[in-house]
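The data block below is target.cif; it holds mmCIF, C-alpha atoms.
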data_coords
loop_
_atom_site.label_atom_id
_atom_site.label_comp_id
_atom_site.auth_asym_id
_atom_site.auth_seq_id
_atom_site.Cartn_x
_atom_site.Cartn_y
_atom_site.Cartn_z
CA MET A 1 6.81 -14.87 50.32
CA LEU A 2 7.01 -12.15 47.67
CA THR A 3 9.50 -9.34 48.00
CA CYS A 4 8.21 -5.78 47.59
CA LYS A 5 9.78 -5.76 44.13
CA ASP A 6 7.98 -8.99 43.13
CA PHE A 7 4.76 -7.55 44.48
CA LEU A 8 5.06 -4.49 42.22
CA THR A 9 5.74 -6.67 39.18
CA SER A 10 2.59 -8.70 39.88
CA LEU A 11 0.37 -5.73 40.70
CA SER A 12 -1.17 -5.09 37.27
CA ASP A 13 -2.13 -8.72 36.71
CA TYR A 14 -3.55 -8.82 40.21
CA LEU A 15 -5.66 -5.70 39.67
CA ASP A 16 -6.84 -6.91 36.25
CA GLN A 17 -7.73 -10.27 37.80
CA THR A 18 -5.64 -12.08 35.25
CA ALA A 19 -3.33 -13.58 37.88
CA ASP A 20 -3.92 -17.26 38.71
CA ALA A 21 -5.08 -18.32 42.18
CA ASP A 22 -1.58 -19.03 43.42
CA ALA A 23 -0.24 -15.66 42.26
CA ARG A 24 -3.26 -13.87 43.77
CA ARG A 25 -2.71 -15.52 47.12
CA LYS A 26 0.96 -14.51 47.09
CA VAL A 27 0.04 -10.87 46.44
CA GLU A 28 -2.60 -10.96 49.18
CA ASP A 29 -0.20 -12.53 51.67
CA HIS A 30 2.31 -9.83 50.88
CA ILE A 31 -0.01 -6.82 51.20
CA ASN A 32 -1.50 -8.19 54.40
CA SER A 33 1.92 -8.16 56.00
CA CYS A 34 3.53 -5.13 54.31
CA PRO A 35 1.69 -1.88 55.10
CA ASN A 36 3.56 0.18 52.48
CA CYS A 37 2.69 -2.24 49.70
CA TRP A 38 -0.91 -2.33 50.94
CA VAL A 39 -1.06 1.45 50.42
CA VAL A 40 0.57 1.19 46.98
CA HIS A 41 -1.91 -1.53 46.03
CA ASP A 42 -4.87 0.49 47.33
CA THR A 43 -3.89 3.74 45.60
CA THR A 44 -2.99 2.03 42.32
CA LYS A 45 -6.36 0.28 42.36
CA LYS A 46 -8.05 3.65 42.96
CA THR A 47 -6.02 5.22 40.15
CA VAL A 48 -7.31 2.64 37.68
CA GLN A 49 -10.88 2.92 39.00
CA ILE A 50 -11.05 6.69 38.90
CA TYR A 51 -10.07 6.75 35.21
CA LYS A 52 -12.45 3.94 34.30
CA GLY A 53 -15.36 5.82 35.86
CA LEU A 54 -14.71 8.93 33.83
CA GLU A 55 -17.44 9.67 31.28
CA PRO A 56 -16.29 11.33 28.06
CA GLN A 57 -17.42 14.94 27.85
CA THR A 58 -19.88 15.86 25.14
CA LEU A 59 -18.24 17.40 22.10
CA PRO A 60 -18.12 21.19 21.96
CA ASP A 61 -21.01 22.30 19.68
CA ASP A 62 -18.74 23.81 17.05
CA VAL A 63 -16.58 20.67 16.89
CA GLN A 64 -19.70 18.53 16.47
CA ASP A 65 -21.09 20.87 13.77
CA ARG A 66 -17.87 20.80 11.77
CA LEU A 67 -17.69 17.00 12.05
CA MET A 68 -21.23 16.58 10.78
CA ALA A 69 -20.65 19.11 7.97
CA ALA A 70 -17.50 17.27 6.83
CA LEU A 71 -19.38 13.99 6.92
CA GLU A 72 -22.36 15.28 4.97
CA LYS A 73 -20.03 16.64 2.30
CA LYS A 74 -18.34 13.25 2.04
CA MET A 75 -21.64 11.37 1.92
CA ALA A 76 -22.99 13.70 -0.75
CA ARG A 77 -20.05 12.67 -2.91
CA GLY A 78 -21.01 9.07 -2.26
CA SER A 79 -17.70 7.36 -1.73
CA THR A 80 -18.58 4.08 -0.05
CA MET B 1 -17.87 8.00 40.54
CA THR B 2 -21.58 7.37 40.42
CA ASN B 3 -22.36 7.19 36.72
CA PRO B 4 -22.29 3.71 35.29
CA ILE B 5 -20.15 3.30 32.22
CA THR B 6 -22.39 3.44 29.19
CA ALA B 7 -20.71 1.22 26.66
CA PRO B 8 -22.63 1.28 23.40
CA SER B 9 -23.72 -2.24 22.68
CA VAL B 10 -21.56 -4.14 20.25
CA ASP B 11 -24.55 -5.87 18.67
CA ALA B 12 -26.28 -2.59 17.95
CA ASP B 13 -23.06 -1.37 16.34
CA ALA B 14 -22.94 -4.46 14.14
CA ALA B 15 -26.52 -3.88 12.95
CA LEU B 16 -25.78 -0.22 12.17
CA VAL B 17 -22.59 -1.19 10.31
CA ALA B 18 -24.55 -3.63 8.15
CA GLN B 19 -27.13 -0.94 7.36
CA ALA B 20 -24.46 1.64 6.62
CA GLN B 21 -22.66 -0.83 4.33
CA GLY B 22 -25.95 -1.19 2.49
CA GLY B 23 -25.90 2.56 1.81
CA ASP B 24 -27.91 3.86 4.78
CA ALA B 25 -26.25 7.21 5.56
CA ALA B 26 -28.37 7.76 8.66
CA ALA B 27 -27.04 4.51 10.14
CA PHE B 28 -23.48 5.73 9.69
CA THR B 29 -24.36 9.07 11.27
CA GLU B 30 -25.73 7.16 14.26
CA LEU B 31 -22.43 5.25 14.55
CA VAL B 32 -20.61 8.59 14.55
CA ARG B 33 -22.86 9.95 17.30
CA ARG B 34 -22.27 6.86 19.42
CA HIS B 35 -18.52 7.11 19.32
CA ASP B 36 -17.51 10.69 18.55
CA LYS B 37 -17.02 11.71 22.20
CA LYS B 38 -14.70 8.83 22.94
CA ILE B 39 -12.72 9.23 19.73
CA PHE B 40 -12.25 12.95 20.44
CA ARG B 41 -11.11 12.19 23.99
CA LEU B 42 -8.70 9.53 22.76
CA ALA B 43 -7.26 11.89 20.15
CA ARG B 44 -6.88 14.69 22.70
CA HIS B 45 -5.06 12.39 25.07
CA ILE B 46 -2.63 11.17 22.45
CA THR B 47 -2.04 14.42 20.53
CA GLU B 48 -2.36 16.74 23.57
CA SER B 49 -3.93 19.33 21.31
CA ASP B 50 -7.59 20.31 20.79
CA GLU B 51 -6.89 21.38 17.24
CA ASP B 52 -5.11 18.16 16.27
CA ALA B 53 -7.78 16.15 18.06
CA GLU B 54 -10.49 17.76 15.96
CA ASP B 55 -8.59 16.95 12.77
CA VAL B 56 -8.15 13.37 13.95
CA LEU B 57 -11.84 13.13 14.79
CA GLN B 58 -12.89 14.22 11.30
CA GLU B 59 -10.25 12.25 9.45
CA SER B 60 -11.01 9.08 11.39
CA PHE B 61 -14.72 9.10 10.65
CA LEU B 62 -14.19 10.10 7.02
CA LYS B 63 -11.71 7.24 6.63
CA ALA B 64 -14.05 4.84 8.38
CA TYR B 65 -16.81 5.90 5.97
CA SER B 66 -14.61 5.43 2.91
CA HIS B 67 -13.35 2.03 4.06
CA LEU B 68 -16.55 0.71 5.56
CA GLY B 69 -17.03 -1.62 2.60
CA GLY B 70 -13.80 -3.38 3.55
CA PHE B 71 -14.70 -3.77 7.21
CA GLU B 72 -15.57 -7.40 7.68
CA GLY B 73 -16.93 -7.52 11.17
CA GLY B 74 -14.24 -9.93 12.34
CA SER B 75 -13.39 -7.33 14.96
CA LYS B 76 -15.63 -4.89 16.76
CA PHE B 77 -16.44 -1.71 14.87
CA TYR B 78 -15.27 0.37 17.82
CA THR B 79 -11.88 -1.37 17.97
CA TRP B 80 -11.48 -0.86 14.24
CA LEU B 81 -12.34 2.82 14.64
CA VAL B 82 -9.91 3.22 17.55
CA ARG B 83 -7.16 1.73 15.42
CA ILE B 84 -7.80 4.33 12.70
CA ALA B 85 -7.91 7.15 15.28
CA VAL B 86 -4.72 6.01 17.02
CA ASN B 87 -2.86 5.91 13.70
CA GLU B 88 -4.12 9.36 12.76
CA SER B 89 -3.17 10.68 16.22
CA LEU B 90 0.33 9.25 16.07
CA MET B 91 0.80 10.75 12.61
CA LYS B 92 -0.13 14.17 14.03
CA LEU B 93 2.22 13.70 16.93
CA ARG B 94 5.08 12.72 14.67
CA LYS B 95 4.42 15.59 12.30
CA ARG B 96 4.43 18.11 15.12
CA LYS B 97 7.52 16.77 16.77
CA SER B 98 9.36 16.18 13.54
CA ASP B 99 12.69 16.95 15.18
CA LYS B 100 12.09 14.22 17.71
CA PHE B 101 10.68 11.05 16.18
CA VAL B 102 8.03 9.57 18.40
CA SER B 103 8.53 5.86 18.73
CA LEU B 104 6.32 3.59 20.76
CA ASP B 105 9.01 0.95 20.60
CA GLU B 106 11.69 2.62 22.66
CA PRO B 107 12.78 0.45 25.56
CA VAL B 108 11.45 1.24 29.01
CA GLU B 109 14.29 1.65 31.42
CA THR B 110 12.94 2.83 34.75
CA GLU B 111 12.59 0.08 37.32
CA GLU B 112 9.13 -0.11 38.89
CA GLU B 113 10.41 0.43 42.39
CA ASN B 114 12.03 3.70 41.36
CA ILE B 115 8.64 5.07 40.32
CA VAL B 116 7.04 4.51 43.71
CA ARG B 117 7.92 7.24 46.19
CA GLU B 118 4.75 8.62 47.72
CA ILE B 119 3.22 6.18 50.18
CA ALA B 120 0.04 7.77 51.49
CA VAL B 121 -3.67 6.93 51.48
CA TRP B 122 -6.08 9.11 49.52
CA ASN B 123 -8.55 11.50 51.03
CA SER B 124 -11.66 10.58 48.95
CA PRO B 125 -11.04 12.76 45.86
CA GLU B 126 -14.55 12.05 44.51
CA THR B 127 -16.09 14.04 47.33
CA LYS B 128 -13.37 16.69 47.65
CA TYR B 129 -13.39 17.82 44.04
CA SER B 130 -16.12 18.68 41.57
CA GLN B 131 -16.39 16.49 38.46
CA LYS B 132 -14.86 19.32 36.47
CA GLU B 133 -11.89 19.76 38.80
CA LEU B 134 -11.33 16.03 38.96
CA ARG B 135 -11.41 15.73 35.18
CA GLY B 136 -8.82 18.51 34.95
CA ILE B 137 -6.52 16.81 37.46
CA LEU B 138 -6.84 13.42 35.76
CA ASP B 139 -6.30 14.86 32.27
CA ASP B 140 -3.21 16.77 33.37
CA ALA B 141 -1.74 13.66 34.95
CA VAL B 142 -2.17 11.63 31.74
CA THR B 143 -0.78 14.48 29.65
CA GLY B 144 2.40 14.38 31.73
CA LEU B 145 3.15 10.78 30.73
CA SER B 146 5.52 10.14 27.86
CA PRO B 147 3.85 8.91 24.63
CA ILE B 148 4.94 5.29 25.08
CA TYR B 149 3.06 5.06 28.37
CA ARG B 150 0.22 7.38 27.47
CA ALA B 151 -1.03 5.45 24.46
CA VAL B 152 -1.10 2.15 26.36
CA PHE B 153 -2.82 3.62 29.41
CA VAL B 154 -5.43 5.47 27.35
CA LEU B 155 -6.39 2.40 25.32
CA ARG B 156 -6.38 -0.05 28.21
CA ASP B 157 -7.64 1.92 31.21
CA ILE B 158 -9.63 4.78 29.69
CA GLU B 159 -11.05 3.18 26.54
CA GLU B 160 -11.11 -0.17 28.32
CA LEU B 161 -9.79 -2.28 25.47
CA SER B 162 -8.22 -5.62 26.36
CA ILE B 163 -4.46 -6.08 26.67
CA GLU B 164 -4.54 -8.04 23.41
CA GLU B 165 -6.52 -5.39 21.53
CA THR B 166 -4.19 -2.68 22.84
CA ALA B 167 -1.17 -4.70 21.70
CA ALA B 168 -2.62 -5.24 18.22
CA ILE B 169 -3.52 -1.57 17.75
CA LEU B 170 -0.15 -0.25 18.89
CA ASP B 171 1.78 -3.04 17.19
CA LEU B 172 3.44 -4.05 20.46
CA SER B 173 3.81 -7.44 22.09
CA VAL B 174 1.46 -8.38 24.94
CA ALA B 175 4.46 -8.38 27.28
CA ALA B 176 5.45 -4.85 26.22
CA VAL B 177 1.88 -3.62 26.77
CA LYS B 178 1.84 -5.14 30.26
CA THR B 179 5.16 -3.56 31.25
CA ARG B 180 4.12 -0.15 29.98
CA LEU B 181 0.70 -0.39 31.54
CA LEU B 182 2.15 -1.15 34.96
CA ARG B 183 4.60 1.72 34.73
CA ALA B 184 1.95 4.11 33.46
CA ARG B 185 -0.36 3.15 36.33
CA LEU B 186 2.43 3.58 38.88
CA GLN B 187 3.43 6.97 37.47
CA LEU B 188 -0.16 8.18 37.58
CA ARG B 189 -0.59 6.79 41.09
CA GLU B 190 2.45 8.79 42.09
CA LYS B 191 1.14 12.04 40.61
CA LEU B 192 -2.37 11.58 41.96
CA THR B 193 -1.14 10.60 45.42
CA ARG B 194 0.74 13.90 45.66
CA ILE B 195 -2.57 15.68 45.05
CA PHE B 196 -5.02 13.39 46.83
CA LYS B 197 -3.12 12.39 49.96
CA ARG B 198 -4.40 13.43 53.36
CA LYS B 199 -2.45 16.35 54.75
CA GLY B 200 0.23 15.35 57.23
CA ASP B 201 -0.41 11.70 56.51
CA ASP B 202 2.55 10.74 54.42
CA LEU B 203 4.61 7.89 55.71
CA LEU B 204 2.53 6.85 58.67
CA ALA B 205 -0.74 6.85 56.79
CA TYR B 206 -1.49 3.22 57.49
CA LEU B 207 -0.77 3.13 61.20
#

Let me see whether you can do it: turn the structure in this file into structure tokens.
Amino acid sequence: MLTCKDFLTSLSDYLDQTADADARRKVEDHINSCPNCWVVHDTTKKTVQIYKGLEPQTLPDDVQDRLMAALEKKMARGST
Amino acid sequence: MTNPITAPSVDADAALVAQAQGGDAAAFTELVRRHDKKIFRLARHITESDEDAEDVLQESFLKAYSHLGGFEGGSKFYTWLVRIAVNESLMKLRKRKSDKFVSLDEPVETEEENIVREIAVWNSPETKYSQKELRGILDDAVTGLSPIYRAVFVLRDIEELSIEETAAILDLSVAAVKTRLLRARLQLREKLTRIFKRKGDDLLAYL
């Protein structure tokens, strides 16, 4: 049986699904019997998910314009 | 979040890179359009400054253009670009904080269990906040991380690079990336839980 400390150490690998079957089962056994660690597992999983689902914002128009202008200047000089 | 993640296809990148290497400027411009948003976001997260991020954005694509001839396609174009942008961002960060050298190598000392304090379930933040509010909350939380955690989290969990790619770009060992990633995730979980927890739920949330 994992301790709460061991559970925390294994949490990232578990969430990234890089833990082997034995390690996964140990984490699952632990969170099924330790309500606090279940909550930590659930909220850490949601933390990772909420960032992964975040679309990048479009560039502000002026930032985009200056980027394209800098690029065109560079390309006109032909430095590849 | 409802939008699927739109990852530009790696194969299409490779074709555009080949065209751009052959002198097709429009193909390079298309590569810029595909990745500029993500590179700007990455630079903003690492430098914590809109102005520095814009410099990084321009310098990264100009460098990529100049060095495109030397890009061999052994790695993905996007990973190569991220590496350039991370280096430019770290240079900005170091320049700005010249009194306090920013090292990604400093040892991590906090024990994981000391990071975890708030134990409470979340009250569906996706429905409680607008996209804009949520983005603000998430950005602020990342900004509050120290650089050694921030860079790892941004590359792995926001840009969705692999652990190995993140390690190579930041010049860290795989083990160091894993330790930092776990601690970054736990610190963010802590901050977000304080904001997203159900009122009055705290310790007995799960009962």

Using only C-alpha atoms, I'd like a table of the residues in chain A that come within 6 Å of chain B; for each, show the closest atom pair and its distance in Å rounded to one decimal, ordered by chain and ascending number, as a Markdown table.
| residue | atom | partner | partner_atom | distance |
| --- | --- | --- | --- | --- |
| A:Ser12 | CA | B:Leu182 | CA | 5.6 |
| A:Thr44 | CA | B:Arg189 | CA | 5.5 |
| A:Thr47 | CA | B:Arg189 | CA | 5.7 |
| A:Tyr51 | CA | B:Ile158 | CA | 5.9 |
| A:Lys52 | CA | B:Ile158 | CA | 5.5 |
| A:Gly53 | CA | B:Met1 | CA | 5.7 |
| A:Pro56 | CA | B:Lys38 | CA | 5.9 |
| A:Thr58 | CA | B:Lys37 | CA | 5.8 |
| A:Leu59 | CA | B:Lys37 | CA | 5.8 |
| A:Leu67 | CA | B:Gln58 | CA | 5.6 |
| A:Ser79 | CA | B:Ser66 | CA | 5.9 |
| A:Thr80 | CA | B:Ser66 | CA | 5.1 |

message: Counting all atoms listed in the file, which residue out of A:Ala19, A:Lys73, A:Leu11, A:Leu2 sits closest to Thr43 (chain A)?
response: A:Leu11

- request: Name the residues that the PyMOL selection byres ((chain A and resi 4) around 10) picks from the file above, as JSON, numbers by chain, using the file's chain letters and numbers.
  value: {"A": [1, 2, 3, 5, 6, 7, 8, 9, 10, 27, 30, 31, 34, 36, 37], "B": [113]}

Just the selected residues (C-alpha atoms), exported as a PDB file, in the frame of the given file, please.
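Final file, result05.pdb:
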ATOM      1  CA  MET A   1       6.810 -14.870  50.320  1.00  0.00           C
ATOM      2  CA  LEU A   2       7.010 -12.150  47.670  1.00  0.00           C
ATOM      3  CA  THR A   3       9.500  -9.340  48.000  1.00  0.00           C
ATOM      4  CA  LYS A   5       9.780  -5.760  44.130  1.00  0.00           C
ATOM      5  CA  ASP A   6       7.980  -8.990  43.130  1.00  0.00           C
ATOM      6  CA  PHE A   7       4.760  -7.550  44.480  1.00  0.00           C
ATOM      7  CA  LEU A   8       5.060  -4.490  42.220  1.00  0.00           C
ATOM      8  CA  THR A   9       5.740  -6.670  39.180  1.00  0.00           C
ATOM      9  CA  SER A  10       2.590  -8.700  39.880  1.00  0.00           C
ATOM     10  CA  VAL A  27       0.040 -10.870  46.440  1.00  0.00           C
ATOM     11  CA  HIS A  30       2.310  -9.830  50.880  1.00  0.00           C
ATOM     12  CA  ILE A  31      -0.010  -6.820  51.200  1.00  0.00           C
ATOM     13  CA  CYS A  34       3.530  -5.130  54.310  1.00  0.00           C
ATOM     14  CA  ASN A  36       3.560   0.180  52.480  1.00  0.00           C
ATOM     15  CA  CYS A  37       2.690  -2.240  49.700  1.00  0.00           C
TER      16      CYS A  37
ATOM     17  CA  GLU B 113      10.410   0.430  42.390  1.00  0.00           C
TER      18      GLU B 113
END

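Among the candidate residues B:Val177, B:Ile195, B:Leu170, B:Ala15, the one lying nearest to Ile137 (chain B) is B:Ile195, with distances computed using only C-alpha atoms.
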
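The residue that comes closest to Glu164 (chain B), out of B:Lys132, B:Leu90, B:Thr79, B:Val17 and on the basis of all atoms listed in the file, is B:Thr79.
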
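Straight-line separation from CA of Met75 (chain A) to CA of Thr47 (chain B): 27.2 Å.
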
Interatomic distance (Å, one decimal) between CA of Glu165 (chain B) and CA of Arg83 (chain B): 9.4 Å

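Counting from CA of Val56 (chain B), the distance to CA of Asp24 (chain B) is 23.8 Å.
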
Centre, edges in Å (one decimal): axis-aligned box, region 9-22 of chain B, 4 Å padding on all six sides, as lines of an AutoDock Vina configuration file:
center_x = -24.3
center_y = -2.1
center_z = 12.6
size_x = 13.6
size_y = 15.5
size_z = 28.2

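With only C-alpha atoms as the atoms that count, the minimum distance from Leu161 (chain B) to the choices B:Met91, B:Ala184, B:Leu145, B:Val82 is reached by B:Val82.
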
Extract region 124-176 of chain B from the preceding block and save C-alpha atoms as a compact mmCIF listing (two decimals), in the first residue's frame.
# COMPACT_ATOMS: atom_id res chain seq x y z
CA SER B 124 -16.88 23.49 -12.41
CA PRO B 125 -14.78 26.56 -13.34
CA GLU B 126 -15.55 26.11 -17.06
CA THR B 127 -19.17 27.02 -16.47
CA LYS B 128 -18.63 29.59 -13.70
CA TYR B 129 -16.19 31.80 -15.59
CA SER B 130 -16.11 33.23 -19.08
CA GLN B 131 -13.25 32.11 -21.34
CA LYS B 132 -11.65 35.51 -20.82
CA GLU B 133 -11.87 35.37 -17.03
CA LEU B 134 -10.60 31.82 -16.98
CA ARG B 135 -7.66 32.71 -19.21
CA GLY B 136 -6.80 35.56 -16.84
CA ILE B 137 -6.92 33.30 -13.78
CA LEU B 138 -4.82 30.60 -15.46
CA ASP B 139 -2.25 33.09 -16.77
CA ASP B 140 -1.88 34.74 -13.37
CA ALA B 141 -1.35 31.37 -11.71
CA VAL B 142 1.46 30.44 -14.13
CA THR B 143 3.04 33.87 -13.78
CA GLY B 144 3.29 33.30 -10.03
CA LEU B 145 5.53 30.25 -10.47
CA SER B 146 9.28 30.68 -10.22
CA PRO B 147 11.14 30.43 -13.56
CA ILE B 148 12.48 26.92 -12.90
CA TYR B 149 8.93 25.56 -12.63
CA ARG B 150 7.33 27.88 -15.14
CA ALA B 151 9.48 26.93 -18.11
CA VAL B 152 8.94 23.20 -17.56
CA PHE B 153 5.19 23.54 -17.06
CA VAL B 154 4.74 25.79 -20.09
CA LEU B 155 6.63 23.46 -22.43
CA ARG B 156 5.13 20.24 -21.14
CA ASP B 157 1.54 21.09 -20.22
CA ILE B 158 0.73 24.15 -22.31
CA GLU B 159 2.81 23.55 -25.45
CA GLU B 160 2.37 19.81 -24.96
CA LEU B 161 5.92 18.78 -25.76
CA SER B 162 7.10 15.43 -24.43
CA ILE B 163 9.15 15.12 -21.25
CA GLU B 164 12.18 14.27 -23.41
CA GLU B 165 11.71 17.26 -25.72
CA THR B 166 11.26 19.55 -22.71
CA ALA B 167 14.45 18.17 -21.15
CA ALA B 168 16.44 18.66 -24.36
CA ILE B 169 15.23 22.24 -24.86
CA LEU B 170 15.91 23.32 -21.28
CA ASP B 171 19.12 21.33 -21.04
CA LEU B 172 17.85 19.44 -17.99
CA SER B 173 17.79 15.73 -17.23
CA VAL B 174 14.53 13.81 -17.69
CA ALA B 175 14.45 13.25 -13.93
CA ALA B 176 14.82 16.98 -13.24
